[in-house]
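Some notes on the structure that comes next.
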Amino acid sequence: MSSLAFAAEAVTGIPHLAAAVPGADNPHADFSDTPWWLSLVKALLVFVFLLVNTLVVIWFERRVIGRMQQRPGPNRTGPFGLLQTLADGIKLALKEDLTPKNADKVVFALAPMIAGAMAFVSFAIIPMGPMVSMFGHRTPLQLTDTPVAVLLVLAVAGVGVYGIVLAGWSSGSTYPLLGGLRSTAQVISYEIAMGLALVAIFLYSGSMSTSQIVYSQRDLWYILPAFFSFLVYVVTMVGETNRLPFDLAEGEGELTGGFHTEYSSLKFAMFFLGEYVNMFTVSALATTMFLGGWQAPPGIAAINDGMFNHGWWGLLWFVIKLWLFMFFFVWLRGSLPRVRYDQFMRFGWKFLIPVTLAWVVAVAFIRGAQLGYFGNSSVGLAGREFPVATLIIVGLIAALALAVTWVWEGKQAEKQAAAEAQLPEEIDPFAGGYPVPPLPGQRLREPSLAIEKESNRA
Amino acid sequence: MTNPYVPLLFLLAIGGGFAVFSVFAASIAGPKRYNRAKLDAYECGIEPTPQAAGGGLRVPIKYYLTAMLFIIFDIESVFLYPFAVAFNQLGLFALVEMVLFIITVFVAYAYVWRRGGLEWD
Amino acid sequence: MTALITSLPTEFKVAQVDYSAIAPMLIVTAGALVGVLVEAFAPRRLRYAAQVGVALVALVAAFVVLVTVSVDAQGLTLERAVVIDGPALFLQGTVLLMSVLGVLTMAERFGGESPDAFTPMGAAVPGSPQEASAMRAGLMSSEVFPLTLFAVVGMMLFPAAGDLLTMFVALEVLSLPLYLLSGLARRRRLLSQEASLKYFLLGAFSSAFFLFGAALMYGYSGSIYLGDISKAITSASGELDGLLIPGVVFLLVGLLFKVGAVPFHSWTPDVYQGAPTPVTGFMAACTKVAAFGAILRLVYVGLEANRWDWRAGVIAVAALTMVIGSVLSVTQTDVKRLLAYSSIAHAGFILVAVLAFDKLGVAGTMFYLVAYGFATIAAFGIVSMVRQGGSEASHLSQWAGLGRNHPVVAAVFAFLLLAFAGIPLTSGFTAKYAAFSPAIAFGGRAGVSLVVIGVLCSVITAFVYVRLIVLMYFTEPAGGEVVAEMPSPMTTVALSIGTLVTLGLGIFPAQVLSLAESSSVFLR
């Protein structure tokens, strides 16, 4: 499929999607030949996959950030420093395990367990490849799938938040409590926008089952028709996982370590592990939802009658896409400063949520037009048939978006002009008691002159 | 063919087992050197703020507000999910109903915004 | 897995909605939403006028639509979730009219800037500088009007609910705004907040009972629809009978809590006393209407088939409610608490009519609700007018000698008290007659004995009311200036309507009574 046709189909009807039949929201993957022991084996494999990937990604992160900052990063332990994370883990295990005397002992021990255990569960529904042969059985490269698989991911993420809340609460100390509250508020705030962004995907796929979503992307990845959802999802997944630039829970300057300030040894490692596994989970979900899951990229998929879309090849594409997201996480961390908490919450509540909601409504109308809810007439244009209703609705939405942007930009410019007009030309850096730097276009009043003036007055 | 939720429990058991094992292993493997100061709450060296576990500090009301707003919007998105999944079969009626529902929630959202419920200073 | 797939619905069926049947509820909902938007966007000085206007317009429009359009659209709609039939329409109309009076009394400003009964800032700590500055800045809780409208929506849906889940949703929709409203009194903030919290906790508890009962009934009958439950009871094999009686009991506990029947009455005096007085009047009148409507529907449509299994319990509740409500009202020293206990006693009287299990019982219940509701709103309206030193003079001793300074106010109040007591020529008498006569005719021996208890209790309460009248007219003022504030036209209208209805129903009850009788058949 040429890229032009690809883009055209993003705007107009997508033939195979319109022909959804009742019951199409059930999993596409076929688990009928998967005995329970094979599920157990696959569960173990998923677990090992995540653990090994976590070990590698921490090394990867430190190396990449090192390069970004013109230094080598860890390179002593093992080949290329690959065993550095393992060595760190063993070191942590041999450190003293402290429980502060104010802590609620049971909950204090329970919290890291919840955070660690819950991180793994979501990965069960991620399709990592098509049907393969395993120990003489035909089984999909996916642990399990249900008709509500994506909802399950969100639910498990919700339970995972308990790890953070309870850790902050049970430490019996001020910083962890504040950090725990902050990161809870942060995670749940961004979970709303994330959940809303996914609604657009469900509208296109007609299913919440991950294998079905991957299957329905065989002609067109949803990153194109649901591009805005993708953008929102990428922002929220960083917010969800408490990663830079949104790692406010552990703002070292204000809260030392945030909710895990009081944790040491392997309990601390559990939170660390949970964070990285969560990164893999949200990345895998992004891959599944927007990038066609385990399917080969468009050009490669056409080679040799779809050879690269079968068997274990799927795992390769999946891992490549997954690691692209991981690199993105590291890249962000290497290049962006931390945002302020009020900015972060304002962005989430006042921008992401309403805009995503409007986007969902827009997608619903586009889908409604594609499904023929507003009539079926179509016009021929450049050799292709375009449904009239779709064109009208897409046009209306685009016009509306432009209008809103225009108004908003005008207001911003007005605001900026007003702010600039009020700026005094010269400021006294110590007027409020603390030294403040001048804003662009301002001149500092010379402190010596100011002091002189004061003494003259006296 | 097993129940689709059983493999989930397998993974939960493996992950949970690993977590529990690690937490207990750490308490056995690590050294124990008693020091009273180490067991105090860590506040960067200043005297710890005296408080009981969880009870001593009054949590700012903002967090409760955020939690309640979260519930409202989370339930909204949970309502949208089945609608979105079944949209192929529902027809125009459901589209109109959904827009009405979103508008209704949006009224509450506008109220909260205007009343400063979304401000963090 | 195959079982899972087959159990999924393969085709979606669009629910049939009869918009003209539910139009009144939609209008009130729209009014409430507009009220929220007004609260968000209108400048502060316009809010009061806009809110009162929106609320009154919505309520009146809903009533007009109800009597012109909805009466012709009777039937089951929204896939049997909502039943618009005679009793539902009658009670919805009653709720709408009473809430108009309620909104009028709530809007009373007594010459000030903001509604007099409500605190300027509900979230401020009582007595804090924040509260004082909010008062000075002229803030007001004009949210009370949209909240009232939301409560009215719940009250309209409650007696029209065709299944237990809709009933539960209606219960919550009507309760949540009331919990909030009770906590917004301007004076005696702590008492008000205590009332709000108590009401919320106990109300949540009773909601849980109701929901648990609904779950058990679903387990028993496999359906949440009242009609299906009735069929399931009739054709029961006896296998699941262990679920039936607990289910019925829990459902009734949830509903009897809302009407304040003994032993689920303990919240009533505290909440009635703490809540802003106009809210108390609104709550006492409209919640009773809605909750008794729901009880009628549940009992007559859903559970009548096995009434012999649970009737004895409700008879005991009715008797206890009458006795305890009237006996405890003797010892009260606060007007609002006195009226609260009187409302408990009235709940008992109404239960007597419910237990008749006849069309006339339904009519008697509905007539009683109309009579009691209008008198109650007017009575609480007067309570909110009587002041000493700027705050409400709710202690009985402060009412001594009121008849000398304010003969009209005292006369109206005395008249309303006589109506509560059930003296002839007031609506109280005709209502008691309408409630008790079906109990004698159809209630059997239990009905007769309940009526005897009811009459005895009426005598007790009559003593209480007469004592209060004597206090107002024949006792020297205890000292300190007690005044009745000059009400605005709005309150005056509300009080006049309440009093006139009380008088009119006492002299010419026939029309309303025959309307109640003609609209007393439930659709199922």
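Scheme for the structure tokens: letters A, B, ... for chains in order shown; per-chain residue numbers from 1; ligand numbers from 1 in order shown.
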Distance query Tyr19 (chain C) at most 9 Å, only C-alpha atoms, self and fewer than 2 positions along chain excluded, as a compact mmCIF listing (two decimals) with C-alpha atoms, in the first residue's frame:
# COMPACT_ATOMS: atom_id res chain seq x y z
CA VAL C 17 -38.23 6.47 25.12
CA ALA C 21 -43.86 10.99 29.68
CA ILE C 22 -40.51 11.92 31.15
CA ALA C 23 -40.46 15.51 29.93
CA LEU C 26 -35.96 16.34 31.84
CA SER C 70 -47.56 13.75 30.46
CA ALA C 73 -48.56 9.61 27.94
CA THR C 77 -41.07 3.71 29.20
- Which parts of region 10-200 of chain C does DSSP call alpha helix (DSSP H) when run on the backbone here, written out as a PyMOL selection string? chain C and resi 19-41+44-68+86-106+129-136+144-157+164-182+189-200
- Contacts of region 8-24 of chain B at 8 Å (only C-alpha atoms; same-chain gap of 3+ positions) as a list of chain:residue names: A:Ser39, A:Leu40, A:Ala43, A:Leu44, A:Phe47, A:Ala109, A:Pro112, A:Met113, A:Ile114, A:Gly116, A:Ala117, A:Met118, A:Phe120, A:Val121, A:Ala124, A:Leu143, A:Thr144, A:Leu266, A:Lys267, A:Met270, B:Pro4, B:Tyr5, B:Ser27, B:Ile28
Would you mind exporting N, CA and C atoms of the selected residues as a PDB file, in the first residue's frame?
ATOM      1  N   SER A  39       0.471 -22.227  29.670  1.00  0.00           N
ATOM      2  CA  SER A  39       0.241 -20.874  30.186  1.00  0.00           C
ATOM      3  C   SER A  39       1.230 -20.542  31.283  1.00  0.00           C
ATOM      4  N   LEU A  40       1.469 -21.523  32.137  1.00  0.00           N
ATOM      5  CA  LEU A  40       2.407 -21.307  33.236  1.00  0.00           C
ATOM      6  C   LEU A  40       3.805 -21.032  32.683  1.00  0.00           C
ATOM      7  N   ALA A  43       3.841 -17.633  31.296  1.00  0.00           N
ATOM      8  CA  ALA A  43       3.887 -16.640  32.370  1.00  0.00           C
ATOM      9  C   ALA A  43       5.316 -16.475  32.861  1.00  0.00           C
ATOM     10  N   LEU A  44       6.002 -17.611  33.038  1.00  0.00           N
ATOM     11  CA  LEU A  44       7.391 -17.540  33.479  1.00  0.00           C
ATOM     12  C   LEU A  44       8.239 -16.795  32.455  1.00  0.00           C
ATOM     13  N   PHE A  47       7.657 -13.129  32.669  1.00  0.00           N
ATOM     14  CA  PHE A  47       8.325 -12.611  33.861  1.00  0.00           C
ATOM     15  C   PHE A  47       9.819 -12.424  33.597  1.00  0.00           C
ATOM     16  N   ALA A 109       5.950  -2.946  54.882  1.00  0.00           N
ATOM     17  CA  ALA A 109       6.503  -4.072  54.117  1.00  0.00           C
ATOM     18  C   ALA A 109       5.598  -4.448  52.950  1.00  0.00           C
ATOM     19  N   PRO A 112       5.872  -2.140  49.094  1.00  0.00           N
ATOM     20  CA  PRO A 112       6.741  -2.499  47.960  1.00  0.00           C
ATOM     21  C   PRO A 112       6.306  -3.790  47.275  1.00  0.00           C
ATOM     22  N   MET A 113       5.724  -4.697  48.056  1.00  0.00           N
ATOM     23  CA  MET A 113       5.253  -5.931  47.421  1.00  0.00           C
ATOM     24  C   MET A 113       4.145  -5.632  46.422  1.00  0.00           C
ATOM     25  N   ILE A 114       3.205  -4.767  46.816  1.00  0.00           N
ATOM     26  CA  ILE A 114       2.120  -4.422  45.889  1.00  0.00           C
ATOM     27  C   ILE A 114       2.695  -3.764  44.645  1.00  0.00           C
ATOM     28  N   GLY A 116       5.631  -3.945  43.379  1.00  0.00           N
ATOM     29  CA  GLY A 116       6.402  -4.865  42.557  1.00  0.00           C
ATOM     30  C   GLY A 116       5.528  -5.872  41.835  1.00  0.00           C
ATOM     31  N   ALA A 117       4.594  -6.474  42.576  1.00  0.00           N
ATOM     32  CA  ALA A 117       3.797  -7.562  41.995  1.00  0.00           C
ATOM     33  C   ALA A 117       2.849  -7.036  40.920  1.00  0.00           C
ATOM     34  N   MET A 118       2.214  -5.878  41.205  1.00  0.00           N
ATOM     35  CA  MET A 118       1.193  -5.387  40.278  1.00  0.00           C
ATOM     36  C   MET A 118       1.810  -4.968  38.943  1.00  0.00           C
ATOM     37  N   PHE A 120       3.917  -6.417  37.152  1.00  0.00           N
ATOM     38  CA  PHE A 120       4.049  -7.496  36.174  1.00  0.00           C
ATOM     39  C   PHE A 120       2.726  -7.869  35.511  1.00  0.00           C
ATOM     40  N   VAL A 121       1.630  -7.753  36.274  1.00  0.00           N
ATOM     41  CA  VAL A 121       0.378  -8.391  35.847  1.00  0.00           C
ATOM     42  C   VAL A 121      -0.111  -7.884  34.494  1.00  0.00           C
ATOM     43  N   ALA A 124       0.410  -9.376  30.960  1.00  0.00           N
ATOM     44  CA  ALA A 124      -0.176 -10.648  30.537  1.00  0.00           C
ATOM     45  C   ALA A 124      -1.007 -10.507  29.272  1.00  0.00           C
ATOM     46  N   LEU A 143       0.140 -14.070  26.741  1.00  0.00           N
ATOM     47  CA  LEU A 143      -0.198 -14.929  27.880  1.00  0.00           C
ATOM     48  C   LEU A 143      -1.698 -15.204  27.926  1.00  0.00           C
ATOM     49  N   THR A 144      -2.503 -14.138  27.838  1.00  0.00           N
ATOM     50  CA  THR A 144      -3.953 -14.335  27.855  1.00  0.00           C
ATOM     51  C   THR A 144      -4.615 -13.107  27.255  1.00  0.00           C
ATOM     52  N   LEU A 266      16.348  -4.103  49.400  1.00  0.00           N
ATOM     53  CA  LEU A 266      15.563  -4.633  48.284  1.00  0.00           C
ATOM     54  C   LEU A 266      14.149  -4.056  48.238  1.00  0.00           C
ATOM     55  N   LYS A 267      13.658  -3.523  49.365  1.00  0.00           N
ATOM     56  CA  LYS A 267      12.336  -2.888  49.322  1.00  0.00           C
ATOM     57  C   LYS A 267      12.390  -1.687  48.392  1.00  0.00           C
ATOM     58  N   MET A 270      12.412  -2.814  44.903  1.00  0.00           N
ATOM     59  CA  MET A 270      11.093  -3.200  44.394  1.00  0.00           C
ATOM     60  C   MET A 270      10.393  -2.023  43.715  1.00  0.00           C
TER      61      MET A 270
ATOM     62  N   PRO B   4      -9.629 -17.558  30.742  1.00  0.00           N
ATOM     63  CA  PRO B   4      -8.633 -16.547  30.358  1.00  0.00           C
ATOM     64  C   PRO B   4      -8.020 -15.808  31.538  1.00  0.00           C
ATOM     65  N   TYR B   5      -8.644 -15.914  32.710  1.00  0.00           N
ATOM     66  CA  TYR B   5      -8.081 -15.164  33.835  1.00  0.00           C
ATOM     67  C   TYR B   5      -7.082 -15.989  34.635  1.00  0.00           C
ATOM     68  N   SER B  27      15.700  -8.701  54.347  1.00  0.00           N
ATOM     69  CA  SER B  27      15.786  -8.561  55.804  1.00  0.00           C
ATOM     70  C   SER B  27      16.699  -9.633  56.397  1.00  0.00           C
ATOM     71  N   ILE B  28      16.947 -10.717  55.657  1.00  0.00           N
ATOM     72  CA  ILE B  28      17.841 -11.757  56.166  1.00  0.00           C
ATOM     73  C   ILE B  28      19.270 -11.484  55.716  1.00  0.00           C
TER      74      ILE B  28
END
Identify all chain B residues at most 7 Å from chain C by counting only C-alpha atoms; ligands do not count. Present them as a compact mmCIF listing (two decimals) with C-alpha atoms, in the first residue's frame.
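Contents of out-v8.txt, freshly written:
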# COMPACT_ATOMS: atom_id res chain seq x y z
CA GLN B 89 -24.07 -1.63 16.40
CA LEU B 90 -25.55 1.26 18.35
CA VAL B 107 -21.24 21.34 32.89
CA ALA B 110 -17.00 24.05 33.88
CA TYR B 111 -18.36 24.70 37.37
CA ARG B 114 -14.69 28.43 37.36
CA ARG B 115 -14.86 27.89 41.10
Go through region 286-400 of chain C and flag each residue having an atom no more than 10 Å from region 107-114 of chain C; for those, report the closest pair of atoms plus their distance in Å to one decimal, using only C-alpha atoms, ordered by chain and rising number, as a tab-separated table.
residue	atom	partner	partner_atom	distance
C:Gly381	CA	C:Glu108	CA	9.5
C:Ser384	CA	C:Glu108	CA	9.6
C:Met385	CA	C:Phe110	CA	8.8
Could you take the residues named above and write them with N, CA and C atoms, as a PDB file, in the first residue's frame?
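Contents of again_24.pdb, as written:
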ATOM      1  N   GLY C 381     -41.731  27.652  57.300  1.00  0.00           N
ATOM      2  CA  GLY C 381     -41.546  29.020  56.843  1.00  0.00           C
ATOM      3  C   GLY C 381     -41.757  30.001  57.975  1.00  0.00           C
ATOM      4  N   SER C 384     -38.893  30.025  60.451  1.00  0.00           N
ATOM      5  CA  SER C 384     -37.705  30.775  60.026  1.00  0.00           C
ATOM      6  C   SER C 384     -37.906  32.274  60.183  1.00  0.00           C
ATOM      7  N   MET C 385     -39.150  32.726  60.382  1.00  0.00           N
ATOM      8  CA  MET C 385     -39.379  34.166  60.527  1.00  0.00           C
ATOM      9  C   MET C 385     -39.213  34.657  61.947  1.00  0.00           C
TER      10      MET C 385
END
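Those residues of region 317-441 of chain A that DSSP, working from the backbone, places in strand (DSSP E) are Ser378, Val379, Gly380, Leu381, Arg384, Glu385, Phe386, Pro387, Glu426 and Ile427 of chain A.
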- With only C-alpha atoms as the basis for distance, which of A:Glu240, A:Val161, A:Pro27, A:Leu220 is at the shortest distance from chain C? A:Pro27
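Within 8 Å of Ser142 (chain C), once only C-alpha atoms are used and residues closer than 4 positions along the same chain are dropped, the contacting residues are Glu39, Arg47, Tyr48, Gln51 and Pro115 of chain C.
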Just C-alpha atoms for this one: save the residues we selected as a PDB file, in the first residue's frame.
ATOM      1  CA  GLU C  39     -23.175  29.532  39.108  1.00  0.00           C
ATOM      2  CA  ARG C  47     -26.631  35.108  40.455  1.00  0.00           C
ATOM      3  CA  TYR C  48     -29.357  35.338  43.044  1.00  0.00           C
ATOM      4  CA  GLN C  51     -30.886  31.198  40.156  1.00  0.00           C
ATOM      5  CA  PRO C 115     -30.595  34.073  50.949  1.00  0.00           C
TER       6      PRO C 115
END
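From CA of Leu251 (chain C) back to CA of Gly447 (chain C), the distance works out to 22.7 Å.
Closest to Val96 (chain B) among A:Tyr233, A:Phe365, A:Phe430, A:Phe347 is A:Phe365, based on only C-alpha atoms.
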Within 9 Å of region 433-436 of chain C, which residues of region 359-414 of chain C come that close, and what is the closest atom pair and distance in Å for each? Count only C-alpha atoms and give it as a Markdown table.
| residue | atom | partner | partner_atom | distance |
| --- | --- | --- | --- | --- |
| C:Leu360 | CA | C:Ala434 | CA | 8.2 |
| C:Gly361 | CA | C:Ala435 | CA | 6.7 |
| C:Val362 | CA | C:Ala435 | CA | 8.8 |
| C:Ala363 | CA | C:Ala434 | CA | 7.8 |
| C:Gly364 | CA | C:Ala435 | CA | 4.4 |
| C:Thr365 | CA | C:Ala435 | CA | 6.0 |
| C:Met366 | CA | C:Ala435 | CA | 8.9 |
| C:Phe367 | CA | C:Ala434 | CA | 7.2 |
| C:Tyr368 | CA | C:Ala435 | CA | 6.7 |
Take the selection from the previous step and output its residues with N, CA and C atoms, as a compact mmCIF listing (two decimals), in the first residue's frame.
# COMPACT_ATOMS: atom_id res chain seq x y z
N LEU C 360 -58.04 2.35 47.72
CA LEU C 360 -58.38 3.48 48.58
C LEU C 360 -57.24 3.82 49.52
N GLY C 361 -56.48 2.80 49.90
CA GLY C 361 -55.32 3.05 50.74
C GLY C 361 -54.30 3.91 50.02
N VAL C 362 -54.10 3.59 48.73
CA VAL C 362 -53.18 4.41 47.94
C VAL C 362 -53.68 5.85 47.88
N ALA C 363 -54.98 6.00 47.60
CA ALA C 363 -55.54 7.35 47.52
C ALA C 363 -55.38 8.07 48.86
N GLY C 364 -55.67 7.37 49.96
CA GLY C 364 -55.56 7.98 51.28
C GLY C 364 -54.13 8.42 51.56
N THR C 365 -53.18 7.55 51.22
CA THR C 365 -51.77 7.90 51.44
C THR C 365 -51.41 9.17 50.68
N MET C 366 -51.82 9.19 49.41
CA MET C 366 -51.42 10.34 48.59
C MET C 366 -52.08 11.62 49.08
N PHE C 367 -53.34 11.50 49.47
CA PHE C 367 -54.04 12.69 49.98
C PHE C 367 -53.38 13.20 51.25
N TYR C 368 -53.04 12.26 52.13
CA TYR C 368 -52.38 12.64 53.38
C TYR C 368 -51.07 13.37 53.09
- Mind checking which residues fall within 8 Å of region 319-323 of chain A, counting only C-alpha atoms, ignoring those fewer than 4 positions away in the same chain, and posting them as a ChimeraX atom specification? /A:280,283-284,287,291,315,327
- Long-range neighbours of Ala462 (chain C) as a PyMOL selection string, 7 Å cut-off, only C-alpha atoms, 4 positions minimum in chain: chain C and resi 421+458+466
Let's have the selection written as an mmCIF file, in the first residue's frame, with N, CA and C atoms.
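Listing of result-v3.cif after writing:
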data_model
loop_
_atom_site.group_PDB
_atom_site.id
_atom_site.type_symbol
_atom_site.label_atom_id
_atom_site.label_comp_id
_atom_site.auth_asym_id
_atom_site.auth_seq_id
_atom_site.Cartn_x
_atom_site.Cartn_y
_atom_site.Cartn_z
ATOM 1 N N ALA C 421 -52.689 18.483 64.214
ATOM 2 C CA ALA C 421 -53.393 17.702 65.229
ATOM 3 C C ALA C 421 -54.587 16.975 64.643
ATOM 4 N N SER C 458 -52.983 10.684 68.059
ATOM 5 C CA SER C 458 -53.405 12.015 67.621
ATOM 6 C C SER C 458 -53.783 12.855 68.826
ATOM 7 N N VAL C 466 -51.667 22.040 71.279
ATOM 8 C CA VAL C 466 -52.502 22.984 72.021
ATOM 9 C C VAL C 466 -51.670 23.682 73.089
#
- What does the distance between CA of Thr234 (chain C) and CA of Val317 (chain C) come to in Å, to one decimal place? 25.4 Å
- Message: Under the rule that only C-alpha atoms are counted, which of A:Leu152, A:Leu55, A:Leu181, A:Val132 is the nearest residue to chain B?
- Response: A:Leu181
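Minimum atom-to-atom distances from A:Tyr222, A:Phe268, A:Phe259, A:Phe308 to Tyr204 (chain A) were compared using only C-alpha atoms, and the lowest value belongs to A:Tyr222.
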- Message: List as a PyMOL selection string the protein and nucleic acid residues near Gly239 (chain A), meaning an atom at most 12 Å away when only C-alpha atoms are counted, but skip any in the same chain fewer than 2 places from it.
- Response: chain A and resi 182-194+232-237+241-249+275+278-279+282+329+338-339+341+344-345+347-348+352
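Across the structure, CA of Gly401 (chain C) and CA of Glu481 (chain C) are spaced 10.7 Å apart.
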- Query: Which is closest to Phe73 (chain B) among A:Leu141, A:Ala200, A:Met208, A:Ile353, if we use only C-alpha atoms?
  - Reply: A:Ile353
